[in-house]
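*Asks:* As input, take model-v6.txt (compact mmCIF, C-alpha atoms):
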```
# COMPACT_ATOMS: atom_id res chain seq x y z
CA ARG R 144 -23.07 -54.69 39.20
CA LYS R 145 -20.75 -57.52 40.14
CA ILE R 146 -17.67 -57.84 37.94
CA PRO R 147 -17.10 -61.40 36.62
CA LYS R 148 -14.27 -63.28 38.29
CA ASP R 149 -12.50 -64.02 34.97
CA LEU R 150 -11.92 -60.26 34.60
CA THR R 151 -10.48 -59.66 38.08
CA GLN R 152 -8.72 -62.87 39.03
CA PRO R 153 -5.25 -63.32 37.47
CA THR R 154 -4.49 -66.75 36.03
CA LEU R 155 -1.67 -68.34 34.06
CA ALA R 156 -4.08 -69.14 31.23
CA GLY R 157 -5.19 -65.50 31.11
CA ALA R 158 -1.56 -64.34 30.97
CA ALA R 159 -0.83 -66.76 28.12
CA VAL R 160 -3.89 -65.60 26.18
CA SER R 161 -2.88 -61.95 26.67
CA ILE R 162 0.69 -62.56 25.47
CA ILE R 163 -0.46 -64.55 22.42
CA SER R 164 -3.03 -61.86 21.62
CA GLY R 165 -0.41 -59.11 21.83
CA VAL R 166 1.97 -60.96 19.51
CA PHE R 167 -0.89 -61.68 17.13
CA ILE R 168 -1.95 -58.02 17.07
CA LEU R 169 1.61 -56.78 16.46
CA THR R 170 2.06 -59.26 13.62
CA LEU R 171 -1.17 -58.23 11.92
CA LEU R 172 -0.41 -54.51 12.44
CA PHE R 173 3.02 -54.91 10.84
CA THR R 174 1.56 -56.85 7.92
CA GLU R 175 -1.17 -54.28 7.41
CA PHE R 176 1.31 -51.39 7.59
CA MET R 177 3.55 -52.98 4.95
CA SER R 178 0.50 -53.51 2.76
CA PHE R 179 -0.51 -49.87 3.24
CA ILE R 180 2.87 -48.40 2.22
CA SER R 181 3.33 -50.76 -0.75
CA VAL R 182 2.24 -49.69 -4.23
CA GLU R 183 -0.12 -51.89 -6.21
CA THR R 184 -0.17 -51.65 -10.00
CA LYS R 185 -3.46 -52.23 -11.79
CA SER R 186 -3.93 -52.40 -15.54
CA GLU R 187 -6.71 -51.89 -18.05
CA LEU R 188 -7.10 -52.01 -21.83
CA PHE R 189 -8.81 -49.51 -24.08
CA VAL R 190 -8.88 -48.48 -27.74
CA ALA R 191 -6.82 -45.35 -28.28
CA LYS R 192 -7.92 -42.39 -30.37
CA PRO R 193 -6.48 -42.13 -33.89
CA ALA R 194 -3.00 -40.64 -33.90
CA SER R 195 -2.50 -37.17 -35.35
CA PRO R 196 0.11 -36.70 -38.11
CA SER R 197 2.30 -34.72 -35.70
CA GLU R 198 2.59 -37.52 -33.10
CA LYS R 199 6.00 -39.16 -32.92
CA ILE R 200 7.51 -42.13 -31.10
CA LYS R 201 11.03 -41.97 -29.74
CA VAL R 202 13.15 -44.98 -30.62
CA TYR R 203 16.36 -46.05 -28.88
CA LEU R 204 18.57 -48.56 -30.71
CA ASN R 205 21.79 -50.07 -29.34
CA VAL R 206 23.40 -52.75 -31.52
CA THR R 207 26.82 -54.17 -32.34
CA LEU R 208 27.80 -55.46 -35.79
CA PRO R 209 31.15 -57.18 -35.24
CA ARG R 210 31.87 -57.77 -38.94
CA LEU R 211 30.87 -54.49 -40.57
CA SER R 212 32.89 -51.27 -40.37
CA CYS R 213 31.39 -47.99 -39.17
CA GLU R 214 32.27 -46.29 -42.48
CA ALA R 215 29.89 -48.59 -44.34
CA LEU R 216 27.07 -48.72 -41.75
CA GLY R 217 24.08 -46.38 -41.93
CA LEU R 218 20.52 -46.03 -40.64
CA ASP R 219 17.60 -45.63 -43.07
CA ILE R 220 14.01 -44.73 -42.09
CA GLN R 221 10.84 -45.20 -44.14
CA ASP R 222 7.09 -45.13 -43.47
CA GLU R 223 3.70 -44.98 -45.18
CA MET R 224 3.46 -41.20 -44.79
CA GLY R 225 6.17 -40.86 -47.44
CA ARG R 226 9.17 -40.45 -45.20
CA HIS R 227 12.36 -41.87 -46.69
CA GLU R 228 15.68 -40.96 -45.11
CA VAL R 229 18.92 -42.66 -46.08
CA GLY R 230 21.94 -42.39 -43.83
CA PHE R 231 20.11 -40.79 -40.88
CA SER R 232 22.79 -39.55 -38.48
CA ASP R 233 21.20 -37.16 -35.95
CA ASN R 234 21.69 -38.28 -32.32
CA THR R 235 23.60 -41.38 -33.40
CA VAL R 236 27.04 -42.60 -32.36
CA LYS R 237 29.16 -45.17 -34.18
CA THR R 238 32.18 -46.65 -32.38
CA ALA R 239 34.69 -48.96 -34.03
CA VAL R 240 35.17 -52.39 -32.41
CA ASN R 241 37.30 -55.45 -33.19
CA GLY R 242 40.17 -53.29 -34.41
CA GLY R 243 37.94 -51.35 -36.78
CA ALA R 244 36.44 -54.41 -38.45
CA GLY R 245 33.16 -54.04 -36.54
CA CYS R 246 30.89 -51.26 -35.33
CA TRP R 247 28.89 -50.46 -32.22
CA PHE R 248 25.87 -48.32 -33.17
CA GLU R 249 23.80 -46.36 -30.66
CA GLY R 250 21.14 -43.86 -31.61
CA THR R 251 17.91 -42.12 -30.68
CA PHE R 252 15.45 -41.03 -33.35
CA GLU R 253 11.73 -40.50 -33.91
CA ILE R 254 9.23 -42.34 -36.09
CA ASN R 255 5.67 -41.48 -37.10
CA LYS R 256 2.74 -43.43 -35.63
CA VAL R 257 2.11 -45.24 -38.92
CA PRO R 258 3.39 -48.54 -40.34
CA GLY R 259 6.95 -48.30 -41.57
CA ASN R 260 10.46 -49.54 -41.03
CA PHE R 261 13.97 -48.53 -40.10
CA HIS R 262 16.94 -50.58 -41.15
CA LEU R 263 20.69 -50.82 -40.85
CA SER R 264 22.30 -51.00 -44.27
CA THR R 265 25.21 -49.89 -46.44
CA HIS R 266 22.96 -47.82 -48.73
CA SER R 267 24.54 -44.54 -47.59
CA ALA R 268 28.14 -45.76 -47.78
CA PRO R 269 30.34 -43.76 -50.20
CA GLN R 270 31.70 -47.07 -51.44
CA GLN R 271 30.29 -50.54 -50.94
CA PRO R 272 32.65 -52.85 -49.02
CA ASP R 273 33.91 -56.04 -50.64
CA MET R 274 32.26 -58.16 -47.97
CA ILE R 275 29.00 -57.22 -46.21
CA ASP R 276 28.16 -59.18 -43.09
CA PHE R 277 25.23 -58.04 -40.93
CA THR R 278 25.74 -60.53 -38.11
CA HIS R 279 24.61 -58.55 -35.08
CA GLU R 280 23.85 -58.40 -31.39
CA ILE R 281 21.01 -56.13 -30.26
CA HIS R 282 21.70 -54.82 -26.77
CA SER R 283 18.50 -52.79 -26.54
CA LEU R 284 15.60 -51.59 -28.68
CA THR R 285 12.92 -49.53 -26.93
CA PHE R 286 10.10 -47.21 -27.94
CA GLY R 287 8.94 -44.14 -26.01
CA SER R 288 10.31 -43.12 -22.62
CA ARG R 289 12.84 -45.56 -21.25
CA LEU R 290 11.80 -47.36 -18.06
CA ASP R 291 13.76 -47.18 -14.83
CA SER R 292 15.67 -50.33 -13.97
CA SER R 293 13.66 -50.51 -10.71
CA THR R 294 10.25 -50.55 -12.42
CA SER R 295 7.80 -53.25 -11.38
CA LEU R 296 5.84 -53.18 -14.63
CA VAL R 297 5.48 -56.55 -16.30
CA GLY R 298 5.70 -56.43 -20.08
CA THR R 299 7.92 -56.74 -23.14
CA PHE R 300 9.25 -53.19 -23.25
CA ASP R 301 12.66 -54.36 -24.52
CA ALA R 302 11.94 -57.65 -26.29
CA PHE R 303 15.26 -57.55 -28.20
CA LYS R 304 17.42 -57.11 -25.11
CA ASP R 305 20.70 -59.05 -25.52
CA PHE R 306 19.47 -60.69 -28.73
CA LYS R 307 22.06 -62.32 -31.03
CA SER R 308 21.44 -63.16 -34.69
CA ALA R 309 21.51 -66.88 -35.39
CA SER R 310 22.74 -67.07 -38.99
CA GLU R 311 26.45 -67.34 -39.75
CA ASP R 312 26.01 -66.72 -43.49
CA PRO R 313 27.46 -63.25 -44.24
CA LEU R 314 25.20 -62.73 -47.28
CA VAL R 315 21.79 -62.91 -45.61
CA SER R 316 19.40 -60.14 -44.66
CA TYR R 317 17.50 -60.09 -41.40
CA ASP R 318 13.83 -59.14 -41.29
CA TYR R 319 12.05 -58.44 -37.99
CA TYR R 320 8.30 -57.73 -37.86
CA MET R 321 7.15 -55.89 -34.75
CA LYS R 322 3.71 -55.11 -33.35
CA ILE R 323 3.96 -52.05 -31.10
CA VAL R 324 1.47 -51.68 -28.24
CA PRO R 325 1.13 -48.20 -26.61
CA SER R 326 1.34 -48.19 -22.81
CA ILE R 327 0.59 -45.48 -20.26
CA HIS R 328 2.10 -45.62 -16.77
CA GLU R 329 0.31 -43.38 -14.25
CA LYS R 330 2.42 -42.96 -11.12
CA LEU R 331 1.22 -42.08 -7.61
CA SER R 332 2.74 -38.63 -8.05
CA GLY R 333 0.34 -37.96 -10.92
CA GLU R 334 3.05 -38.20 -13.57
CA SER R 335 2.14 -40.08 -16.75
CA VAL R 336 4.86 -41.87 -18.70
CA HIS R 337 4.19 -43.10 -22.22
CA ASN R 338 5.99 -46.31 -23.13
CA TYR R 339 5.53 -48.91 -25.82
CA GLN R 340 5.64 -52.67 -25.56
CA TYR R 341 6.22 -54.83 -28.59
CA THR R 342 6.47 -58.37 -29.83
CA TYR R 343 8.35 -59.52 -32.88
CA ALA R 344 8.92 -62.36 -35.31
CA GLY R 345 11.91 -62.62 -37.61
CA LYS R 346 13.46 -64.45 -40.53
CA ASN R 347 16.79 -64.62 -42.34
CA TYR R 348 16.96 -64.76 -46.13
CA MET R 349 19.13 -64.08 -49.16
CA SER R 350 17.42 -61.70 -51.59
CA HIS R 351 17.87 -61.49 -55.34
CA GLY R 352 16.35 -59.12 -57.87
CA HIS R 353 16.69 -58.78 -61.65
CA GLY R 354 19.40 -61.39 -61.80
CA HIS R 355 21.65 -59.94 -59.12
CA ARG R 356 21.90 -60.18 -55.35
CA VAL R 357 20.27 -57.39 -53.35
CA LEU R 358 22.48 -55.81 -50.70
CA PRO R 359 21.78 -57.38 -47.27
CA ALA R 360 20.44 -55.32 -44.37
CA VAL R 361 18.84 -55.59 -40.93
CA TRP R 362 15.17 -54.57 -41.25
CA PHE R 363 12.91 -53.56 -38.38
CA ARG R 364 9.37 -53.37 -39.75
CA TYR R 365 6.67 -52.13 -37.37
CA ASP R 366 2.94 -51.61 -37.12
CA MET R 367 0.88 -49.97 -34.37
CA SER R 368 -1.71 -51.79 -32.28
CA PRO R 369 -5.03 -49.95 -31.71
CA ILE R 370 -5.15 -51.29 -28.13
CA THR R 371 -3.50 -49.27 -25.35
CA VAL R 372 -2.45 -50.76 -22.00
CA LYS R 373 -2.84 -48.44 -19.02
CA TYR R 374 -0.95 -49.12 -15.78
CA MET R 375 -2.09 -47.28 -12.64
CA GLU R 376 -0.21 -47.17 -9.35
CA THR R 377 -2.58 -47.28 -6.37
CA ARG R 378 -2.32 -47.37 -2.60
CA PRO R 379 -5.08 -48.10 -0.03
CA PRO R 380 -6.65 -44.92 1.41
CA PHE R 381 -5.65 -43.87 4.93
CA TYR R 382 -9.15 -44.38 6.33
CA HIS R 383 -9.00 -47.99 5.17
CA PHE R 384 -5.74 -48.43 7.11
CA ILE R 385 -7.27 -46.94 10.31
CA THR R 386 -10.44 -49.01 9.97
CA THR R 387 -8.43 -52.19 9.55
CA ILE R 388 -6.30 -51.41 12.64
CA CYS R 389 -9.42 -50.87 14.76
CA ALA R 390 -10.90 -54.10 13.47
CA ILE R 391 -7.70 -56.03 14.25
CA VAL R 392 -7.34 -54.67 17.79
CA GLY R 393 -11.04 -54.86 18.68
CA GLY R 394 -11.59 -58.26 17.10
CA THR R 395 -8.51 -59.82 18.68
CA PHE R 396 -9.38 -58.59 22.21
CA THR R 397 -12.97 -59.75 21.83
CA VAL R 398 -11.96 -63.26 20.75
CA ALA R 399 -9.24 -63.36 23.41
CA GLY R 400 -11.81 -62.42 26.07
CA ILE R 401 -14.14 -65.19 24.94
CA ILE R 402 -11.33 -67.77 24.96
CA ASP R 403 -10.11 -66.62 28.40
CA SER R 404 -13.65 -66.79 29.78
CA ILE R 405 -14.11 -70.32 28.45
CA ILE R 406 -10.80 -71.46 29.93
CA PHE R 407 -11.55 -69.80 33.30
CA THR R 408 -15.03 -71.31 33.47
CA ALA R 409 -13.73 -74.76 32.55
CA ALA R 410 -11.03 -74.49 35.23
CA GLU R 411 -13.61 -73.50 37.87
CA VAL R 412 -15.83 -76.42 36.91
CA PHE R 413 -12.87 -78.80 37.09
CA LYS R 414 -11.93 -77.51 40.57
CA LYS R 415 -15.44 -77.98 41.87
CA ALA R 416 -15.55 -81.48 40.42
CA GLU R 417 -12.35 -82.36 42.26
CA LEU R 418 -13.75 -80.99 45.56
CA GLY R 419 -17.04 -82.82 45.02
CA LYS R 420 -19.00 -79.58 45.00
CA LEU R 421 -20.26 -79.98 41.47
CA GLN R 422 -24.01 -80.43 41.45
```
The structure given in the file should be rewritten as structure tokens.
*Replies:*
Amino acid sequence: RKIPKDLTQPTLAGAAVSIISGVFILTLLFTEFMSFISVETKSELFVAKPASPSEKIKVYLNVTLPRLSCEALGLDIQDEMGRHEVGFSDNTVKTAVNGGAGCWFEGTFEINKVPGNFHLSTHSAPQQPDMIDFTHEIHSLTFGSRLDSSTSLVGTFDAFKDFKSASEDPLVSYDYYMKIVPSIHEKLSGESVHNYQYTYAGKNYMSHGHGHRVLPAVWFRYDMSPITVKYMETRPPFYHFITTICAIVGGTFTVAGIIDSIIFTAAEVFKKAELGKLQ
């Protein structure tokens, strides 16, 4: 069988098509390889099973109160299962700031998976200070396992990050209402990390009861959402990568061959027309 001339006769157009095809293939192969090694995160929602009484949520709180001393500051925890702890101090650190006039509080503790609250107050102080001012800056408030700084998950896992209270009145209390949403992060390695997102709304107020002013505090009231968000890290399977490479190489050479054949045929026709041999 006679081999077509466009496959055996070298031309400048054929060389150009070959070079362009090679660059095109390399570009697509690089793009496909980067897509193959990258991790895609998918998400889904589902209703979680009811929590057992033994299930706990780890809480991390990092806050500075620049106008309240560490001696007066304490952490109280309450919930609808009957828990009521005043002056909780396990795994907490209080560091004096502003020459002892303020306090930096950092602590890790656990709460039950039921509606409740934890609050910063002077309820556990041996003696109430003359002036109580709960002006504060929340550096971080997270629930569950803390996320790596390099995480690509999109969500409000630390909604209070770098939050500063707005009121300048030293006599007000601060009330924050949070809705906590459980989240599961399934990594490529098979590891599952349980985190919690949350949203909040807040208000400032001065409280009175039975003719006298109630001691101010910073309240964090929370409730659990029945919806769980599940994040799954995925990567295209290897056979998909190989199939795509074959399609890129084969498809590019096929199209390049068609283009080269058209150009070669058109050039031959043009030559014949110039020589007057076109019939």
*Asks:* What lies within 12 Å of R:Ala239 using only C-alpha atoms, ignoring chain neighbours under 4 positions off, as a ChimeraX atom specification?
*Replies:* /R:207-216,243-249
*Asks:* Store the residues picked out above in a file with C-alpha atoms, as an mmCIF file, keeping the file's coordinate frame.
*Replies:*
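Contents of out.cif, as written:
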```cif
data_model
loop_
_atom_site.group_PDB
_atom_site.id
_atom_site.type_symbol
_atom_site.label_atom_id
_atom_site.label_comp_id
_atom_site.auth_asym_id
_atom_site.auth_seq_id
_atom_site.Cartn_x
_atom_site.Cartn_y
_atom_site.Cartn_z
ATOM 1 C CA THR R 207 26.820 -54.170 -32.340
ATOM 2 C CA LEU R 208 27.800 -55.460 -35.790
ATOM 3 C CA PRO R 209 31.150 -57.180 -35.240
ATOM 4 C CA ARG R 210 31.870 -57.770 -38.940
ATOM 5 C CA LEU R 211 30.870 -54.490 -40.570
ATOM 6 C CA SER R 212 32.890 -51.270 -40.370
ATOM 7 C CA CYS R 213 31.390 -47.990 -39.170
ATOM 8 C CA GLU R 214 32.270 -46.290 -42.480
ATOM 9 C CA ALA R 215 29.890 -48.590 -44.340
ATOM 10 C CA LEU R 216 27.070 -48.720 -41.750
ATOM 11 C CA GLY R 243 37.940 -51.350 -36.780
ATOM 12 C CA ALA R 244 36.440 -54.410 -38.450
ATOM 13 C CA GLY R 245 33.160 -54.040 -36.540
ATOM 14 C CA CYS R 246 30.890 -51.260 -35.330
ATOM 15 C CA TRP R 247 28.890 -50.460 -32.220
ATOM 16 C CA PHE R 248 25.870 -48.320 -33.170
ATOM 17 C CA GLU R 249 23.800 -46.360 -30.660
#
```
*Asks:* So which one's closest to R:Ser288, R:Lys346, R:Gln270, R:Lys199, R:Val357? Using all atoms listed in the file, please.
*Replies:*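 Using all atoms listed in the file, R:Ser288 sits closest to R:Lys199.
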*Asks:* Which polymer residues have any atom within 8 Å of an atom of R:Lys307, counting only C-alpha atoms, with same-chain residues fewer than 4 positions away left out, as a list in words?
*Replies:*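 Near R:Lys307, the qualifying residues are His279, Glu280 and Ile281 of chain R.
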*Asks:* What separation in Å, quoted to one decimal, exists between atom CA of R:Leu263 and atom CA of R:Ala360?
*Replies:*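 These two atoms are separated by 5.7 Å.
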*Asks:* Which one of R:Leu155, R:Ala191, R:Val160, R:Leu314 sits closest to R:Val398 if you count only C-alpha atoms?
*Replies:*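 Distance minimum relative to R:Val398 lands on R:Val160.
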*Asks:* Please identify all polymer residues within 8 Å of R:Tyr319, counting only C-alpha atoms, omitting same-chain residues fewer than 6 positions from it, and present them as number ranges by chain.
*Replies:* R: 343-346, 361-364
*Asks:* Closest to R:Ser181 among R:Tyr365, R:Asp403, R:Leu331, R:Gly225, using all atoms listed in the file?
*Replies:* R:Leu331
*Asks:* My list of candidates is R:Ile275, R:Ala399, R:Ile168, R:Leu204. Which is closest to R:Ser316 when distances are computed with only C-alpha atoms?
*Replies:*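 With only C-alpha atoms as the atom set, the closest residue is R:Ile275.
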*Asks:* Mind checking which residues fall within 10 Å of R:Glu311, counting all atoms listed in the file, ignoring those fewer than 4 positions away in the same chain, and posting them as a PyMOL selection string?
*Replies:* chain R and resi 276-278+315
*Asks:* Could the residues in this selection be written to a file with C-alpha atoms, as a PDB file, in the frame of the given file?
*Replies:*
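New file result28.pdb:
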```
ATOM      1  CA  ASP R 276      28.160 -59.180 -43.090  1.00  0.00           C
ATOM      2  CA  PHE R 277      25.230 -58.040 -40.930  1.00  0.00           C
ATOM      3  CA  THR R 278      25.740 -60.530 -38.110  1.00  0.00           C
ATOM      4  CA  VAL R 315      21.790 -62.910 -45.610  1.00  0.00           C
TER       5      VAL R 315
END
```
*Asks:* Identify which of the residues R:Ser186, R:Phe179, R:Asn234, R:Ser267 lies closest to R:Gly217, counting only C-alpha atoms when measuring atom-to-atom distances.
*Replies:* R:Ser267
*Asks:* Record the distance separating atom CA of R:Thr265 and atom CA of R:Asn347, expressed in Å with one decimal.
*Replies:*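 A separation of 17.5 Å between them.
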*Asks:* How far is it from atom CA of R:Thr387 to atom CA of R:Lys373, in Å with one decimal?
*Replies:*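 Separating atom CA of R:Thr387 from atom CA of R:Lys373 is a distance of 29.4 Å.
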*Asks:* For stretch 309-319 of chain R, I'd like the enclosing box, axis-aligned and padded by 5 Å on every side, reported as lines of an AutoDock Vina configuration file with centre and edge lengths in Å to one decimal.
*Replies:*
```
center_x = 19.8
center_y = -62.9
center_z = -41.3
size_x = 25.4
size_y = 18.9
size_z = 21.9
```
*Asks:* Need the shell around stretch 377-383 of chain R: protein/DNA/RNA residues with any atom at most 10 Å away, counting all atoms listed in the file. Skip same-chain ones fewer than 6 positions apart. Format as number ranges by chain?
*Replies:* R: 178-185, 329-331
*Asks:* Between R:Asp318, R:Met375, R:Ser404, R:Thr395, which is the closest to R:Ile163 once you count all atoms listed in the file?
*Replies:*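 For R:Ile163, the nearest of the given residues is R:Thr395.
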*Asks:* Any chance you could export stretch 334-363 of chain R with N, CA and C atoms, as a compact mmCIF listing (two decimals), in the first residue's frame?
*Replies:*
```txt
# COMPACT_ATOMS: atom_id res chain seq x y z
N GLU R 334 -8.05 9.22 58.46
CA GLU R 334 -8.27 9.81 59.78
C GLU R 334 -9.52 10.70 59.76
N SER R 335 -10.31 10.61 60.81
CA SER R 335 -11.50 11.45 60.96
C SER R 335 -11.29 12.42 62.12
N VAL R 336 -11.49 13.68 61.84
CA VAL R 336 -11.34 14.72 62.86
C VAL R 336 -12.70 15.36 63.09
N HIS R 337 -13.10 15.45 64.36
CA HIS R 337 -14.40 16.01 64.70
C HIS R 337 -14.21 17.46 65.18
N ASN R 338 -14.76 18.38 64.40
CA ASN R 338 -14.73 19.79 64.73
C ASN R 338 -16.16 20.31 64.87
N TYR R 339 -16.26 21.55 65.27
CA TYR R 339 -17.57 22.18 65.41
C TYR R 339 -17.50 23.61 64.90
N GLN R 340 -18.41 23.92 63.98
CA GLN R 340 -18.57 25.29 63.54
C GLN R 340 -19.64 25.95 64.41
N TYR R 341 -19.68 27.26 64.39
CA TYR R 341 -20.74 27.92 65.13
C TYR R 341 -20.95 29.33 64.61
N THR R 342 -22.15 29.81 64.84
CA THR R 342 -22.49 31.20 64.59
C THR R 342 -22.97 31.80 65.90
N TYR R 343 -22.98 33.10 65.98
CA TYR R 343 -23.40 33.71 67.24
C TYR R 343 -24.08 35.04 67.00
N ALA R 344 -24.85 35.44 68.00
CA ALA R 344 -25.42 36.79 68.07
C ALA R 344 -25.24 37.24 69.51
N GLY R 345 -25.07 38.54 69.71
CA GLY R 345 -24.79 39.02 71.06
C GLY R 345 -25.48 40.32 71.40
N LYS R 346 -25.51 40.61 72.69
CA LYS R 346 -26.07 41.88 73.16
C LYS R 346 -25.36 42.29 74.45
N ASN R 347 -25.39 43.58 74.73
CA ASN R 347 -24.86 44.13 75.97
C ASN R 347 -26.02 44.69 76.77
N TYR R 348 -26.01 44.52 78.08
CA TYR R 348 -27.11 45.01 78.89
C TYR R 348 -26.65 45.19 80.34
N MET R 349 -27.41 45.98 81.08
CA MET R 349 -27.19 46.15 82.51
C MET R 349 -28.36 45.50 83.23
N SER R 350 -28.08 44.52 84.07
CA SER R 350 -29.13 43.71 84.69
C SER R 350 -29.36 44.13 86.14
N HIS R 351 -30.64 44.15 86.49
CA HIS R 351 -31.03 44.45 87.87
C HIS R 351 -32.00 43.38 88.36
N GLY R 352 -31.97 43.10 89.63
CA GLY R 352 -32.89 42.13 90.21
C GLY R 352 -33.16 42.43 91.67
N HIS R 353 -34.44 42.45 92.04
CA HIS R 353 -34.86 42.71 93.42
C HIS R 353 -34.29 44.01 93.96
N GLY R 354 -34.29 45.03 93.10
CA GLY R 354 -33.88 46.34 93.56
C GLY R 354 -32.40 46.60 93.58
N HIS R 355 -31.58 45.63 93.20
CA HIS R 355 -30.14 45.87 93.17
C HIS R 355 -29.56 45.38 91.85
N ARG R 356 -28.38 45.88 91.54
CA ARG R 356 -27.72 45.52 90.28
C ARG R 356 -27.10 44.14 90.38
N VAL R 357 -27.35 43.32 89.36
CA VAL R 357 -26.74 41.99 89.29
C VAL R 357 -25.31 42.13 88.79
N LEU R 358 -24.41 41.33 89.36
CA LEU R 358 -23.00 41.39 88.96
C LEU R 358 -22.86 41.11 87.47
N PRO R 359 -22.10 41.93 86.74
CA PRO R 359 -21.92 41.70 85.30
C PRO R 359 -21.08 40.45 85.04
N ALA R 360 -21.17 39.95 83.82
CA ALA R 360 -20.41 38.77 83.41
C ALA R 360 -20.37 38.71 81.89
N VAL R 361 -19.58 37.78 81.36
CA VAL R 361 -19.54 37.51 79.93
C VAL R 361 -20.11 36.11 79.74
N TRP R 362 -21.30 36.03 79.15
CA TRP R 362 -22.02 34.77 79.00
C TRP R 362 -21.86 34.22 77.59
N PHE R 363 -21.57 32.93 77.51
CA PHE R 363 -21.54 32.21 76.24
C PHE R 363 -22.60 31.11 76.32
```
